[in-house]
$ cat work26.txt   # compact mmCIF, C-alpha atoms
# COMPACT_ATOMS: atom_id res chain seq x y z
CA MET A 449 -3.63 11.21 -53.99
CA ASN A 450 -1.66 11.06 -57.20
CA LEU A 451 2.09 11.24 -56.79
CA SER A 452 4.65 11.18 -59.56
CA LEU A 453 8.28 10.11 -59.27
CA ARG A 454 9.06 13.64 -60.43
CA ASP A 455 7.25 15.21 -57.42
CA LEU A 456 9.78 14.12 -54.81
CA HIS A 457 13.10 15.74 -54.04
CA PRO A 458 15.73 13.16 -55.01
CA GLU A 459 17.55 13.32 -51.65
CA SER A 460 14.30 12.50 -49.81
CA LEU A 461 14.54 8.97 -51.20
CA LEU A 462 17.69 8.20 -49.20
CA ASP A 463 15.80 7.72 -45.92
CA ALA A 464 12.91 5.73 -47.39
CA ASN A 465 12.13 2.14 -48.37
CA ASN A 466 11.96 2.48 -52.13
CA ILE A 467 10.07 -0.34 -53.83
CA PHE A 468 9.80 -0.17 -57.62
CA ASP A 469 7.79 -2.23 -60.07
CA ASP A 470 10.57 -1.90 -62.66
CA VAL A 471 13.87 -0.50 -61.35
CA GLU A 472 15.40 0.13 -64.78
CA HIS A 473 12.34 2.02 -65.98
CA CYS A 474 12.14 4.11 -62.79
CA LEU A 475 15.78 5.13 -63.17
CA THR A 476 15.12 6.91 -66.47
CA ALA A 477 13.38 10.02 -67.76
CA ARG A 478 14.69 12.42 -65.12
CA THR A 479 12.52 11.00 -62.34
CA SER A 480 13.60 11.59 -58.75
CA PRO A 481 15.21 8.12 -58.55
CA HIS A 482 16.99 8.77 -61.86
CA LEU A 483 18.40 12.07 -60.61
CA LEU A 484 19.50 10.43 -57.36
CA SER A 485 21.19 7.59 -59.27
CA MET A 486 23.45 10.16 -60.91
CA THR A 487 25.08 10.91 -57.54
CA HIS A 488 24.49 7.77 -55.44
CA PRO A 489 24.83 4.05 -56.13
CA ARG A 490 21.42 2.42 -56.44
CA GLU A 491 22.25 0.12 -53.51
CA GLU A 492 21.97 3.19 -51.25
CA PHE A 493 18.33 3.86 -52.07
CA VAL A 494 16.68 0.96 -53.95
CA THR A 495 15.13 -1.42 -51.42
CA GLY A 496 13.76 -3.79 -54.03
CA THR A 497 10.94 -4.55 -56.39
CA LEU A 498 7.29 -5.40 -55.90
CA ALA A 499 8.22 -9.02 -56.71
CA ASP A 500 10.84 -8.91 -53.91
CA VAL A 501 8.18 -7.77 -51.44
CA MET A 502 5.69 -10.44 -52.53
CA ASP A 503 8.39 -13.14 -52.33
CA GLY A 504 9.54 -11.93 -48.91
CA ASP A 505 13.00 -11.05 -50.24
CA ALA A 506 12.94 -7.27 -49.60
CA GLN A 507 14.56 -6.14 -46.36
CA LEU A 508 12.34 -3.31 -45.14
CA SER A 509 13.55 -1.08 -42.35

$ encode --input "work26.txt" --output "structure tokens"
Amino acid sequence: MNLSLRDLHPESLLDANNIFDDVEHCLTARTSPHLLSMTHPREEFVTGTLADVMDGDAQLS
């Protein structure tokens, strides 16, 4: 399955663990995370980065 960050409704990200390879890049270009960042602080929906997961630093719920 191929899924783009533009395919998801922005609000659907609030209840998910959102892991990004590059947070700054993902919060641009009118992607779902970008649209959500316009109304919510990133701390509410960004769980961490791929590096955080590999280092054991991401707190997954």

$ atom_distance --input "work26.txt" --atom1 "CA of Leu461 in chain A" --atom2 "CA of Phe493 in chain A"
6.4 Å

$ residues_around --input "work26.txt" --residues "Asp470 in chain A" --least-positions-apart "6" --cutoff "12 Å" --atoms "only C-alpha atoms" --output "ChimeraX atom specification"
/A:476,481,494,496-500

$ residues_around --input "work26.txt" --residues "Ser485 in chain A" --least-positions-apart "5" --cutoff "12 Å" --atoms "all atoms listed in the file" --output "list of chain:residue names"
A:Pro458, A:Glu459, A:Leu461, A:Leu462, A:Val471, A:Glu472, A:Cys474, A:Leu475, A:Thr476, A:Ala477, A:Arg478, A:Thr479, A:Ser480, A:Arg490, A:Glu491, A:Glu492, A:Phe493, A:Val494

$ write_last_selection --input "work26.txt" --atoms "C-alpha atoms" --output "compact mmCIF listing (two decimals), in the frame of the given file"
# COMPACT_ATOMS: atom_id res chain seq x y z
CA PRO A 458 15.73 13.16 -55.01
CA GLU A 459 17.55 13.32 -51.65
CA LEU A 461 14.54 8.97 -51.20
CA LEU A 462 17.69 8.20 -49.20
CA VAL A 471 13.87 -0.50 -61.35
CA GLU A 472 15.40 0.13 -64.78
CA CYS A 474 12.14 4.11 -62.79
CA LEU A 475 15.78 5.13 -63.17
CA THR A 476 15.12 6.91 -66.47
CA ALA A 477 13.38 10.02 -67.76
CA ARG A 478 14.69 12.42 -65.12
CA THR A 479 12.52 11.00 -62.34
CA SER A 480 13.60 11.59 -58.75
CA ARG A 490 21.42 2.42 -56.44
CA GLU A 491 22.25 0.12 -53.51
CA GLU A 492 21.97 3.19 -51.25
CA PHE A 493 18.33 3.86 -52.07
CA VAL A 494 16.68 0.96 -53.95
